[in-house]
>>> print(open('my_file-v9.txt').read())   # compact mmCIF, C-alpha atoms and all ligand atoms
# COMPACT_ATOMS: atom_id res chain seq x y z
CA MET A 1 0.00 0.00 0.00
CA ILE A 2 1.29 3.48 -0.84
CA LYS A 3 1.68 5.64 2.25
CA LEU A 4 0.17 9.11 1.79
CA ASP A 5 1.59 12.15 3.51
CA ARG A 6 -0.88 14.02 5.76
CA ASP A 7 -1.82 16.64 3.21
CA GLU A 8 -2.47 13.95 0.61
CA ALA A 9 -4.49 11.99 3.16
CA ALA A 10 -6.60 15.09 3.90
CA ARG A 11 -7.20 15.70 0.20
CA ALA A 12 -8.06 12.01 -0.29
CA ILE A 13 -10.76 12.29 2.41
CA LEU A 14 -12.38 15.24 0.66
CA THR A 15 -12.24 13.39 -2.64
CA ARG A 16 -13.60 10.18 -1.11
CA ASN A 17 -16.48 12.03 0.57
CA ASP A 18 -17.37 13.79 -2.71
CA ARG A 19 -20.81 12.69 -3.93
CA GLY A 20 -20.85 14.75 -7.13
CA GLY A 21 -19.93 18.36 -6.44
CA TYR A 22 -20.90 18.22 -2.78
CA THR A 23 -19.17 16.52 0.13
CA VAL A 24 -20.77 14.44 2.87
CA PRO A 25 -19.32 15.15 6.35
CA THR A 26 -18.51 11.43 6.63
CA ASP A 27 -19.89 8.25 5.10
CA ARG A 28 -23.06 6.72 6.69
CA LEU A 29 -23.24 8.85 9.88
CA TYR A 30 -23.92 12.02 7.82
CA PRO A 31 -24.78 10.93 4.25
CA PHE A 32 -26.07 14.26 2.84
CA GLN A 33 -24.79 17.84 2.37
CA TRP A 34 -24.58 19.84 5.62
CA ASN A 35 -24.55 23.63 5.54
CA TRP A 36 -21.62 24.77 7.71
CA ASP A 37 -19.62 21.60 7.04
CA SER A 38 -19.68 22.48 3.35
CA ALA A 39 -18.51 26.04 3.97
CA PHE A 40 -15.42 24.74 5.80
CA VAL A 41 -14.93 22.05 3.17
CA ALA A 42 -14.99 24.67 0.41
CA MET A 43 -12.10 26.47 2.14
CA GLY A 44 -10.25 23.15 2.34
CA PHE A 45 -10.81 22.48 -1.38
CA ALA A 46 -9.63 26.01 -2.14
CA THR A 47 -6.10 24.94 -1.09
CA PHE A 48 -5.85 22.59 -4.10
CA ASP A 49 -8.92 22.76 -6.37
CA VAL A 50 -10.67 26.14 -6.50
CA ASP A 51 -13.17 25.07 -9.13
CA ARG A 52 -14.33 22.28 -6.82
CA ALA A 53 -14.46 24.74 -3.91
CA TYR A 54 -16.98 26.87 -5.84
CA ARG A 55 -18.98 23.73 -6.72
CA GLU A 56 -19.38 22.92 -3.02
CA LEU A 57 -21.02 26.30 -2.38
CA GLU A 58 -23.04 26.18 -5.60
CA ARG A 59 -24.49 22.78 -4.72
CA LEU A 60 -25.38 24.00 -1.24
CA ILE A 61 -27.46 26.88 -2.56
CA GLU A 62 -29.45 24.50 -4.76
CA GLY A 63 -31.19 23.94 -1.45
CA GLN A 64 -31.74 27.65 -0.65
CA TRP A 65 -35.39 28.48 0.01
CA ASP A 66 -37.29 31.27 -1.75
CA ASP A 67 -37.28 33.29 1.48
CA GLY A 68 -33.46 33.17 1.58
CA MET A 69 -32.88 30.52 4.25
CA ILE A 70 -30.06 28.08 3.52
CA PRO A 71 -31.15 24.82 5.18
CA HIS A 72 -28.90 22.82 7.45
CA ILE A 73 -29.19 19.66 5.34
CA VAL A 74 -29.73 19.27 1.58
CA PHE A 75 -30.90 15.73 0.78
CA HIS A 76 -29.49 15.52 -2.76
CA ALA A 77 -29.72 11.72 -2.92
CA PRO A 78 -31.52 9.15 -0.74
CA SER A 79 -29.83 7.26 2.09
CA ASP A 80 -31.28 5.11 4.85
CA THR A 81 -28.35 5.51 7.25
CA TYR A 82 -29.53 8.79 8.85
CA PHE A 83 -32.44 9.90 11.02
CA PRO A 84 -34.39 12.21 10.64
CA GLY A 85 -34.65 11.95 6.85
CA PRO A 86 -36.72 14.09 4.44
CA GLU A 87 -40.03 12.41 5.31
CA VAL A 88 -39.74 13.65 8.90
CA TRP A 89 -38.97 17.23 7.88
CA GLY A 90 -41.79 17.39 5.33
CA THR A 91 -40.55 20.60 3.69
CA ARG A 92 -41.69 21.76 0.27
CA HIS A 93 -38.58 23.07 -1.52
CA ARG A 94 -37.95 21.63 -5.00
CA ILE A 95 -35.07 19.58 -3.57
CA ALA A 96 -35.70 17.83 -0.25
CA THR A 97 -34.11 19.73 2.61
CA SER A 98 -34.40 20.04 6.37
CA GLY A 99 -36.46 22.95 7.69
CA ILE A 100 -33.89 24.67 9.92
CA THR A 101 -30.56 26.34 9.24
CA GLN A 102 -26.96 26.32 10.53
CA PRO A 103 -24.14 28.83 11.21
CA PRO A 104 -23.67 31.04 8.11
CA VAL A 105 -19.97 30.37 7.54
CA PHE A 106 -20.93 30.56 3.84
CA GLY A 107 -19.99 34.27 3.46
CA MET A 108 -16.60 33.68 5.07
CA ALA A 109 -16.00 30.74 2.74
CA LEU A 110 -17.05 32.74 -0.30
CA ARG A 111 -14.45 35.44 0.33
CA HIS A 112 -11.81 32.77 0.97
CA VAL A 113 -12.65 30.87 -2.24
CA HIS A 114 -12.86 34.06 -4.29
CA GLU A 115 -9.40 35.17 -3.15
CA ALA A 116 -7.96 31.74 -3.94
CA ALA A 117 -9.59 31.88 -7.39
CA VAL A 118 -8.12 35.30 -8.13
CA GLU A 119 -4.70 34.05 -7.08
CA ALA A 120 -5.06 30.96 -9.26
CA GLY A 121 -6.40 32.99 -12.20
CA LEU A 122 -9.53 30.81 -12.45
CA PRO A 123 -11.71 31.78 -15.44
CA ASN A 124 -15.31 32.86 -14.56
CA ALA A 125 -14.38 33.51 -10.94
CA ALA A 126 -16.06 36.94 -10.89
CA GLU A 127 -19.31 35.57 -12.31
CA ARG A 128 -19.40 32.66 -9.88
CA THR A 129 -18.59 34.90 -6.93
CA ARG A 130 -21.35 37.33 -7.95
CA ASN A 131 -24.03 34.58 -8.01
CA LEU A 132 -22.94 33.17 -4.66
CA PHE A 133 -22.69 36.67 -3.18
CA GLN A 134 -26.33 37.32 -4.08
CA ALA A 135 -27.34 34.02 -2.43
CA ALA A 136 -25.39 34.95 0.70
CA LEU A 137 -26.97 38.41 0.82
CA ARG A 138 -30.48 36.90 0.55
CA SER A 139 -29.64 34.54 3.40
CA HIS A 140 -28.29 37.34 5.60
CA ARG A 141 -31.50 39.32 5.00
CA TRP A 142 -33.45 36.22 6.04
CA TRP A 143 -31.44 35.98 9.25
CA LEU A 144 -32.24 39.51 10.32
CA ARG A 145 -35.88 39.39 9.25
CA ALA A 146 -36.76 35.91 10.54
CA ARG A 147 -34.46 35.60 13.53
CA ASP A 148 -34.14 39.12 14.90
CA PRO A 149 -37.64 40.50 14.36
CA ASP A 150 -37.33 42.72 17.45
CA GLY A 151 -34.07 44.35 16.33
CA LEU A 152 -31.88 43.20 19.25
CA GLY A 153 -28.83 42.94 17.02
CA LEU A 154 -28.68 39.24 17.92
CA VAL A 155 -30.03 36.36 15.85
CA ALA A 156 -31.86 33.50 17.52
CA ILE A 157 -31.83 29.77 17.07
CA LEU A 158 -35.10 27.87 17.38
CA HIS A 159 -33.48 24.42 17.52
CA PRO A 160 -30.19 23.24 19.08
CA TRP A 161 -29.30 21.60 15.74
CA GLU A 162 -29.16 25.07 14.20
CA SER A 163 -26.26 26.01 16.46
CA GLY A 164 -24.20 23.09 15.17
CA SER A 165 -23.38 22.38 18.84
CA ASP A 166 -26.39 20.14 19.33
CA ASN A 167 -26.11 18.93 22.93
CA SER A 168 -24.05 21.79 24.34
CA PRO A 169 -24.66 22.54 28.04
CA ALA A 170 -25.59 26.02 26.78
CA TRP A 171 -28.99 24.60 25.82
CA ASP A 172 -29.64 22.48 28.93
CA ALA A 173 -31.92 24.88 30.80
CA ALA A 174 -33.88 25.92 27.71
CA LEU A 175 -34.17 22.38 26.37
CA ALA A 176 -35.43 21.08 29.72
CA ARG A 177 -38.59 23.15 29.11
CA VAL A 178 -39.25 21.39 25.79
CA PRO A 179 -41.56 18.37 26.14
CA THR A 180 -40.25 14.89 25.31
CA SER A 181 -43.47 13.87 23.52
CA THR A 182 -43.27 13.42 19.74
CA THR A 183 -45.70 12.61 16.93
CA THR A 184 -42.79 11.22 14.90
CA ALA A 185 -41.45 7.77 15.78
CA ILE A 186 -37.79 8.16 16.75
CA ARG A 187 -35.50 5.71 14.98
CA ARG A 188 -31.97 6.83 15.77
CA LYS A 189 -29.31 5.64 13.34
CA ASP A 190 -26.34 7.60 14.73
CA THR A 191 -25.78 5.24 17.66
CA GLY A 192 -25.46 2.36 15.17
CA HIS A 193 -22.40 4.12 13.69
CA VAL A 194 -20.80 5.68 16.79
CA ASP A 195 -20.58 4.70 20.47
CA ALA A 196 -23.72 6.05 22.22
CA ALA A 197 -21.53 7.53 24.99
CA MET A 198 -20.12 9.98 22.42
CA ARG A 199 -23.54 11.13 21.18
CA PRO A 200 -26.53 13.07 22.57
CA ARG A 201 -28.78 11.11 24.95
CA ASP A 202 -32.17 9.62 23.92
CA GLU A 203 -33.94 12.28 25.97
CA ASP A 204 -32.18 14.98 23.96
CA TYR A 205 -33.41 13.35 20.75
CA GLN A 206 -37.00 13.32 22.07
CA ARG A 207 -36.82 17.06 22.61
CA PHE A 208 -35.03 17.65 19.28
CA ILE A 209 -37.81 15.81 17.47
CA HIS A 210 -40.55 17.51 19.50
CA LEU A 211 -39.22 20.79 18.08
CA VAL A 212 -39.15 19.41 14.52
CA ASP A 213 -42.77 18.23 14.93
CA THR A 214 -43.78 21.67 16.26
CA TYR A 215 -42.24 23.63 13.39
CA ARG A 216 -43.44 21.20 10.71
CA GLU A 217 -46.96 21.82 12.03
CA CYS A 218 -46.32 25.54 11.39
CA GLY A 219 -45.72 24.68 7.72
CA TRP A 220 -42.13 25.94 8.29
CA ASP A 221 -43.47 29.49 8.21
CA PRO A 222 -40.87 31.68 10.02
CA GLN A 223 -43.42 33.97 11.71
CA ARG A 224 -45.58 31.14 12.97
CA GLN A 225 -42.50 29.31 14.23
CA TRP A 226 -41.27 32.43 16.02
CA ALA A 227 -44.66 32.84 17.71
CA VAL A 228 -44.86 29.28 19.08
CA ALA A 229 -41.18 28.34 19.56
CA PRO A 230 -40.65 26.78 23.00
CA PHE A 231 -36.89 27.08 22.45
CA LYS A 232 -35.53 30.48 21.39
CA ILE A 233 -32.01 31.61 22.15
CA ALA A 234 -30.29 34.74 20.86
CA ASP A 235 -26.97 33.01 20.31
CA VAL A 236 -23.61 34.80 20.46
CA GLN A 237 -21.88 32.13 18.37
CA MET A 238 -24.43 32.38 15.56
CA THR A 239 -24.48 36.17 15.70
CA ALA A 240 -20.68 36.36 15.67
CA ILE A 241 -20.41 34.11 12.64
CA LEU A 242 -23.13 36.09 10.86
CA ALA A 243 -21.39 39.39 11.68
CA ARG A 244 -18.03 38.09 10.50
CA ALA A 245 -19.54 36.67 7.31
CA THR A 246 -21.19 40.07 6.78
CA ALA A 247 -17.78 41.76 7.09
CA ASP A 248 -16.38 39.34 4.51
CA LEU A 249 -19.26 40.13 2.13
CA ILE A 250 -18.62 43.86 2.65
CA HIS A 251 -15.04 43.24 1.61
CA LEU A 252 -16.21 41.55 -1.60
CA ALA A 253 -18.75 44.33 -2.29
CA GLU A 254 -15.96 46.90 -1.96
CA ASP A 255 -13.69 44.93 -4.29
CA PHE A 256 -16.40 44.73 -6.93
CA GLY A 257 -17.72 48.26 -6.39
CA TRP A 258 -21.27 47.11 -5.45
CA GLU A 259 -22.19 50.24 -3.49
CA ALA A 260 -25.86 49.56 -2.65
CA GLU A 261 -25.03 46.10 -1.33
CA ARG A 262 -22.05 47.45 0.62
CA ALA A 263 -24.23 50.05 2.33
CA GLU A 264 -26.92 47.50 3.20
CA LEU A 265 -24.36 45.06 4.59
CA SER A 266 -22.65 47.80 6.62
CA GLU A 267 -25.94 48.57 8.32
CA MET A 268 -26.40 44.89 9.15
CA HIS A 269 -22.86 44.73 10.45
CA ASP A 270 -23.32 47.74 12.75
CA ARG A 271 -26.51 46.26 14.16
CA LEU A 272 -24.94 42.84 14.82
CA THR A 273 -21.69 44.07 16.32
CA ALA A 274 -23.56 46.46 18.64
CA GLY A 275 -25.80 43.58 19.75
CA LEU A 276 -22.80 41.33 20.37
CA ALA A 277 -20.84 43.95 22.30
CA ARG A 278 -23.71 44.19 24.81
CA ARG A 279 -23.32 40.48 25.65
CA TRP A 280 -19.90 40.81 27.37
CA ARG A 281 -19.96 39.91 31.07
CA SER A 282 -16.78 41.09 32.80
CA HIS A 283 -17.45 39.04 35.96
CA LEU A 284 -17.32 35.88 33.79
CA SER A 285 -14.62 37.05 31.32
CA ARG A 286 -16.88 35.80 28.54
CA PHE A 287 -19.74 36.71 26.23
CA VAL A 288 -23.13 35.15 27.00
CA SER A 289 -26.16 34.23 24.90
CA LEU A 290 -29.68 35.31 25.87
CA ASP A 291 -32.57 32.91 26.45
CA LEU A 292 -35.49 34.77 24.87
CA VAL A 293 -38.10 32.58 26.58
CA SER A 294 -36.86 33.04 30.18
CA GLY A 295 -35.11 36.39 29.62
CA GLU A 296 -32.00 34.98 31.35
CA ASP A 297 -28.32 35.03 30.38
CA VAL A 298 -26.94 31.66 29.30
CA GLU A 299 -23.95 31.38 31.63
CA ALA A 300 -22.82 27.84 30.74
CA PRO A 301 -19.12 28.07 29.83
CA THR A 302 -18.89 26.78 26.26
CA GLN A 303 -16.79 27.58 23.19
CA ALA A 304 -19.57 29.91 22.00
CA CYS A 305 -18.56 32.45 24.67
CA PHE A 306 -15.32 33.26 22.78
CA MET A 307 -16.79 33.25 19.27
CA PRO A 308 -17.55 37.01 19.27
CA LEU A 309 -13.81 37.55 18.79
CA VAL A 310 -14.21 36.65 15.09
CA ALA A 311 -16.43 39.68 14.68
CA LEU A 312 -15.52 42.28 17.30
CA ARG A 313 -12.48 44.34 18.20
CA ILE A 314 -12.31 43.97 21.97
CA ASP A 315 -10.56 46.43 24.30
CA ASP A 316 -7.39 45.82 26.36
CA ALA A 317 -9.19 44.79 29.54
CA GLN A 318 -11.34 42.29 27.61
CA ARG A 319 -8.28 40.99 25.78
CA GLN A 320 -6.46 40.26 29.02
CA ALA A 321 -9.55 38.67 30.55
CA VAL A 322 -10.17 36.45 27.51
CA GLN A 323 -6.56 35.35 27.37
CA ALA A 324 -6.54 34.38 31.07
CA GLU A 325 -9.87 32.60 30.72
CA ILE A 326 -8.76 30.59 27.67
CA GLU A 327 -5.54 29.63 29.49
CA ARG A 328 -7.67 28.46 32.43
CA TRP A 329 -9.74 26.21 30.13
CA HIS A 330 -6.49 24.61 28.92
CA GLU A 331 -5.21 23.70 32.41
CA GLY A 332 -4.58 19.95 32.65
CA MET A 333 -5.76 19.36 29.06
CA VAL A 334 -3.73 17.50 26.42
CA VAL A 335 -5.58 19.32 23.61
CA GLY A 336 -7.60 22.56 23.77
CA LEU A 337 -9.96 24.26 23.38
CA PRO A 338 -12.57 22.07 25.11
CA SER A 339 -16.13 22.81 23.90
CA THR A 340 -17.21 22.98 27.56
CA ALA A 341 -14.93 24.29 30.32
CA PRO A 342 -13.35 21.40 32.27
CA PHE A 343 -14.26 23.09 35.58
CA SER A 344 -17.97 22.95 34.67
CA PRO A 345 -20.07 20.17 36.27
CA ALA A 346 -21.53 19.61 32.77
CA PHE A 347 -18.09 18.72 31.30
CA GLU A 348 -18.00 15.26 29.63
CA PRO A 349 -14.77 14.89 27.64
CA LYS A 350 -16.13 12.31 25.18
CA ARG A 351 -19.73 13.40 24.62
CA TYR A 352 -20.02 15.42 21.41
CA TRP A 353 -20.45 19.13 22.34
CA ARG A 354 -20.10 18.70 26.12
CA GLY A 355 -16.31 18.76 26.22
CA PRO A 356 -14.57 17.43 23.10
CA VAL A 357 -12.34 19.63 20.97
CA TRP A 358 -13.48 20.44 17.43
CA ALA A 359 -10.94 21.44 14.77
CA VAL A 360 -13.26 23.91 13.04
CA VAL A 361 -14.10 25.65 16.32
CA ASN A 362 -10.39 26.07 16.94
CA TRP A 363 -10.02 27.47 13.43
CA LEU A 364 -12.60 30.19 14.16
CA ILE A 365 -11.35 30.91 17.68
CA ALA A 366 -7.76 31.22 16.41
CA ASP A 367 -8.97 33.64 13.71
CA GLY A 368 -10.70 35.71 16.37
CA LEU A 369 -7.67 35.73 18.67
CA ARG A 370 -5.41 36.80 15.82
CA MET A 371 -7.83 39.55 14.78
CA ASN A 372 -7.61 40.83 18.35
CA GLY A 373 -3.84 40.82 18.63
CA LEU A 374 -3.50 37.55 20.57
CA GLU A 375 -1.20 36.03 17.96
CA ASN A 376 0.72 33.67 20.26
CA LEU A 377 -2.42 32.08 21.63
CA ALA A 378 -3.85 31.80 18.11
CA GLN A 379 -0.73 29.99 16.92
CA ARG A 380 -0.75 27.68 19.92
CA ILE A 381 -4.33 26.65 19.23
CA GLU A 382 -3.63 26.11 15.53
CA GLN A 383 -0.51 24.07 16.19
CA THR A 384 -2.12 21.85 18.82
CA THR A 385 -5.07 21.23 16.50
CA VAL A 386 -2.74 20.14 13.72
CA ARG A 387 -0.78 17.89 16.09
CA ALA A 388 -3.96 16.34 17.51
CA ILE A 389 -5.06 15.40 13.98
CA GLU A 390 -1.60 14.03 13.15
CA ARG A 391 -1.69 11.82 16.25
CA ALA A 392 -5.31 10.65 16.24
CA GLY A 393 -6.40 10.96 12.60
CA PHE A 394 -9.11 12.96 10.85
CA CYS A 395 -11.74 12.31 13.51
CA GLU A 396 -14.92 14.23 14.09
CA TYR A 397 -13.73 15.48 17.52
CA PHE A 398 -11.07 14.83 20.18
CA ASP A 399 -11.04 14.08 23.90
CA PRO A 400 -9.27 17.12 25.43
CA THR A 401 -8.02 15.09 28.40
CA THR A 402 -6.26 12.40 26.32
CA GLY A 403 -6.16 13.58 22.69
CA GLU A 404 -8.08 10.46 21.64
CA GLY A 405 -10.01 10.79 18.35
CA LEU A 406 -13.80 10.37 18.74
CA GLY A 407 -17.08 10.26 16.81
CA GLY A 408 -17.02 9.64 13.06
CA ASP A 409 -13.69 9.14 11.28
CA THR A 410 -12.38 10.31 7.87
CA PHE A 411 -14.26 13.50 8.59
CA SER A 412 -14.42 16.14 5.84
CA TRP A 413 -14.26 19.30 7.93
CA THR A 414 -11.38 17.96 10.01
CA ALA A 415 -9.51 17.29 6.75
CA ALA A 416 -10.33 20.83 5.57
CA ALA A 417 -9.15 22.28 8.88
CA TYR A 418 -5.91 20.33 8.56
CA LEU A 419 -5.27 21.70 5.06
CA VAL A 420 -5.84 25.29 6.15
CA LEU A 421 -4.38 25.25 9.67
CA GLY A 422 -1.47 23.01 8.65
CA ARG A 423 -0.34 25.69 6.20
CA ARG A 424 -0.63 28.37 8.87
CA ALA A 425 1.25 26.27 11.42
CA LYS A 426 4.06 25.68 8.90
CA ALA A 427 4.20 29.38 8.04
CA SER A 428 4.37 30.44 11.68
CA ALA A 429 7.03 27.79 12.47
CA SER A 430 9.21 28.99 9.58
CA GLY A 431 8.58 32.63 10.64
CA ALA A 432 9.75 31.74 14.15
CA ARG A 433 12.92 30.11 12.80
CA ARG A 434 13.86 33.12 10.69
C1 LIG A 501 -26.93 15.25 13.83
O1 LIG A 501 -27.77 14.57 13.23
O2 LIG A 501 -26.24 14.85 14.77
C2 LIG A 501 -26.67 16.59 13.34
O3 LIG A 501 -25.76 17.28 14.10
C3 LIG A 501 -27.93 17.37 13.20
O4 LIG A 501 -27.74 18.12 12.09
>>> encode(input="my_file-v9.txt", output="structure tokens")
Amino acid sequence: MIKLDRDEAARAILTRNDRGGYTVPTDRLYPFQWNWDSAFVAMGFATFDVDRAYRELERLIEGQWDDGMIPHIVFHAPSDTYFPGPEVWGTRHRIATSGITQPPVFGMALRHVHEAAVEAGLPNAAERTRNLFQAALRSHRWWLRARDPDGLGLVAILHPWESGSDNSPAWDAALARVPTSTTTAIRRKDTGHVDAAMRPRDEDYQRFIHLVDTYRECGWDPQRQWAVAPFKIADVQMTAILARATADLIHLAEDFGWEAERAELSEMHDRLTAGLARRWRSHLSRFVSLDLVSGEDVEAPTQACFMPLVALRIDDAQRQAVQAEIERWHEGMVVGLPSTAPFSPAFEPKRYWRGPVWAVVNWLIADGLRMNGLENLAQRIEQTTVRAIERAGFCEYFDPTTGEGLGGDTFSWTAAAYLVLGRRAKASASGARR
């Protein structure tokens, strides 16, 4: 057997998980196209095949709804290895999709892919970027209209799956208010692929599906859903990613001279960054989400609390506080950043979003640290992520206490993270040697 070097192995995973212009996160466990996975994957493809990177984004927006929402799953082709499939969602788009969304990394990916295309001299890049830019703009308008109707400057999630951090302790209090009754029969497939101890619990799934049933009964109408939602959290991670993606779209609009779009996006950006800035809590050294049902701050210490750094310029006092807090989360860990602080009673180092380290989270957090002048910490996080993948493989997530690889393997977004962060780690190591 020919032994591949790590970069080749990462590229081979993306190629193997390609199902015809879109990439599944991993075989069997996630057999369709997922929204934020594909945005990261597009940035991974951009390191060696920019045309394919555009295709990833183009295939994702085949699933975009008329109202602008980009769904969290596009069911391009049938598979019986995943629950809940299209029949449970019961949506009416021309291609089967889920009825909820996911973090809008899309705009960040578009700028990244566009810049790689310009560098590579790819023909038609401007045309392709323009089409995808319009799709992104429609989706950002949807976010503000459907998920911030009261103008808080924060966008809300109506389902934990939208956050991408499904069973995070951040949702525990709010999810406990959601009934466990469902009209849909629950037939989990995930625990047939991955150890149940690394996945959400059955009770979580009952509540997840209760929410799907509730919103399906609203005909997936955003206003009706907003009115009845038993779970509604103005999420700092989602808002930060949306604000950052908005900044990246502004950058593209400036490059192309699209003045009306630039002005509209700047207004969105001001609204979102003002909303985010109000969520800083100095006594916690973190940003906190807002539970719109109870009116309470979400104080659970999770990775989301640092995500605003990708969108905001923080001041010196905040910078020092964040640095000390992130160092504290690393104490005694083999790999950081844990998705839940190890000092939290909710910390479970192997269970999905209750402790494990995620390469794409580290990618965003490192970006945010660098943007805020914390270069050394950014490099440390990037380098440890790369080393964790080299030791344990391209796993879905990693146990922070041991470095063990967990969840699905040959994972697309971990491969993409390796391609992007590996280059950065090499560049910073050679910079340090010079
Ligand atoms: C899952 O099925 O675990 C996904 O995270 C939901 O999109």
>>> residues_near_ligand(input="my_file-v9.txt", ligand="ligand LIG 501 (chain A)", cutoff="7 Å", atoms="all atoms listed in the file", output="PyMOL selection string")
chain A and resi 72+83+161+164+166
>>> closest_atom_pairs(input="my_file-v9.txt", of="region 260-315 of chain A", to="region 320-333 of chain A", cutoff="10 Å", atoms="all atoms listed in the file", output="JSON lines")
{"residue": "A:Ser282", "atom": "CA", "partner": "A:Ala321", "partner_atom": "CA", "distance": 7.9}
{"residue": "A:His283", "atom": "CA", "partner": "A:Ala321", "partner_atom": "CA", "distance": 9.6}
{"residue": "A:Leu284", "atom": "CA", "partner": "A:Glu325", "partner_atom": "CA", "distance": 8.7}
{"residue": "A:Ser285", "atom": "CA", "partner": "A:Ala321", "partner_atom": "CA", "distance": 5.4}
{"residue": "A:Arg286", "atom": "CA", "partner": "A:Val322", "partner_atom": "CA", "distance": 6.8}
{"residue": "A:Phe287", "atom": "CA", "partner": "A:Val322", "partner_atom": "CA", "distance": 9.7}
{"residue": "A:Pro301", "atom": "CA", "partner": "A:Trp329", "partner_atom": "CA", "distance": 9.6}
{"residue": "A:Thr302", "atom": "CA", "partner": "A:Trp329", "partner_atom": "CA", "distance": 10.0}
{"residue": "A:Gln303", "atom": "CA", "partner": "A:Ile326", "partner_atom": "CA", "distance": 9.7}
{"residue": "A:Cys305", "atom": "CA", "partner": "A:Val322", "partner_atom": "CA", "distance": 9.7}
{"residue": "A:Phe306", "atom": "CA", "partner": "A:Val322", "partner_atom": "CA", "distance": 7.7}
{"residue": "A:Leu309", "atom": "CA", "partner": "A:Val322", "partner_atom": "CA", "distance": 9.5}
{"residue": "A:Ile314", "atom": "CA", "partner": "A:Val322", "partner_atom": "CA", "distance": 9.6}
{"residue": "A:Asp315", "atom": "CA", "partner": "A:Gln320", "partner_atom": "CA", "distance": 8.8}
>>> closest_residue(input="my_file-v9.txt", among="A:Pro230, A:Pro200, A:Gly393, A:Pro222", to="Asn167 (chain A)", atoms="only C-alpha atoms")
A:Pro200
>>> atom_distance(input="my_file-v9.txt", atom1="CA of Glu8 (chain A)", atom2="CA of Ser428 (chain A)")
21.0 Å
>>> closest_residue(input="my_file-v9.txt", among="A:Thr239, A:Ser289, A:Trp89, A:Asp80", to="Ile209 (chain A)", atoms="only C-alpha atoms")
A:Trp89
>>> residues_around(input="my_file-v9.txt", residues="region 344-350 of chain A", least_positions_apart="2", cutoff="8 Å", atoms="only C-alpha atoms", output="list in words")
Pro169, Ala197, Met198, Ala300, Pro301, Pro338, Thr340, Ala341, Pro342, Tyr352, Arg354, Gly355, Pro356, Phe398, Asp399, Pro400, Thr401 and Leu406 of chain A
>>> closest_atom_pairs(input="my_file-v9.txt", of="region 190-289 of chain A", to="region 93-102 of chain A", cutoff="9 Å", atoms="all atoms listed in the file", output="tab-separated table")
residue	atom	partner	partner_atom	distance
A:Val212	CA	A:Gly99	CA	8.1
A:Tyr215	CA	A:Gly99	CA	8.1
A:Arg216	CA	A:Gly99	CA	7.8
A:Trp220	CA	A:Gly99	CA	6.4
A:Met238	CA	A:Gln102	CA	8.3
>>> residues_around(input="my_file-v9.txt", residues="Asn372 (chain A)", least_positions_apart="2", cutoff="7 Å", atoms="all atoms listed in the file", output="ChimeraX atom specification")
/A:313-314,368-370,374
>>> closest_residue(input="my_file-v9.txt", among="A:Ser139, A:Ser412, A:Thr26, A:Thr47", to="His114 (chain A)", atoms="only C-alpha atoms")
A:Thr47
>>> residues_around(input="my_file-v9.txt", residues="Ala125 (chain A)", least_positions_apart="6", cutoff="12 Å", atoms="all atoms listed in the file", output="PyMOL selection string")
chain A and resi 50-55+110-111+113-119+131-133
>>> closest_residue(input="my_file-v9.txt", among="A:Leu144, A:Val288, A:Val41, A:Val24", to="Thr414 (chain A)", atoms="all atoms listed in the file")
A:Val41
>>> atom_distance(input="my_file-v9.txt", atom1="CA of Trp171 (chain A)", atom2="CA of Val298 (chain A)")
8.1 Å
>>> atom_distance(input="my_file-v9.txt", atom1="CA of Ser168 (chain A)", atom2="CA of Trp353 (chain A)")
4.9 Å
>>> closest_residue(input="my_file-v9.txt", among="A:Arg380, A:Arg128, A:Arg187, A:His159", to="Ile365 (chain A)", atoms="all atoms listed in the file")
A:Arg380
>>> residues_near_point(input="my_file-v9.txt", point="(-29.6, 35.8, 17.6)", cutoff="10 Å", atoms="all atoms listed in the file", output="NGL selection string")
:A and (143-144 or 147-149 or 151-158 or 232-240 or 242 or 272 or 275-276 or 289-292)
>>> closest_residue(input="my_file-v9.txt", among="A:Asp5, A:Asp190, A:Glu375, A:Asp297", to="Gly407 (chain A)", atoms="all atoms listed in the file")
A:Asp190
>>> residues_near_point(input="my_file-v9.txt", point="(1.5, 13.8, 12.1)", cutoff="12 Å", atoms="only C-alpha atoms", output="list in words")
Leu4, Asp5, Arg6, Asp7, Ala9, Ala10, Gln383, Thr384, Thr385, Val386, Arg387, Ala388, Ile389, Glu390, Arg391, Ala392, Gly393, Phe394, Tyr418 and Gly422 of chain A
>>> residues_around(input="my_file-v9.txt", residues="Gln33 (chain A)", least_positions_apart="6", cutoff="10 Å", atoms="all atoms listed in the file", output="number ranges by chain")
A: 18-19, 22-26, 56, 59-60, 63, 71-77, 97
>>> write_last_selection(input="my_file-v9.txt", atoms="C-alpha atoms", output="compact mmCIF listing (two decimals), in the coordinates of the input")
# COMPACT_ATOMS: atom_id res chain seq x y z
CA ASP A 18 -17.37 13.79 -2.71
CA ARG A 19 -20.81 12.69 -3.93
CA TYR A 22 -20.90 18.22 -2.78
CA THR A 23 -19.17 16.52 0.13
CA VAL A 24 -20.77 14.44 2.87
CA PRO A 25 -19.32 15.15 6.35
CA THR A 26 -18.51 11.43 6.63
CA GLU A 56 -19.38 22.92 -3.02
CA ARG A 59 -24.49 22.78 -4.72
CA LEU A 60 -25.38 24.00 -1.24
CA GLY A 63 -31.19 23.94 -1.45
CA PRO A 71 -31.15 24.82 5.18
CA HIS A 72 -28.90 22.82 7.45
CA ILE A 73 -29.19 19.66 5.34
CA VAL A 74 -29.73 19.27 1.58
CA PHE A 75 -30.90 15.73 0.78
CA HIS A 76 -29.49 15.52 -2.76
CA ALA A 77 -29.72 11.72 -2.92
CA THR A 97 -34.11 19.73 2.61
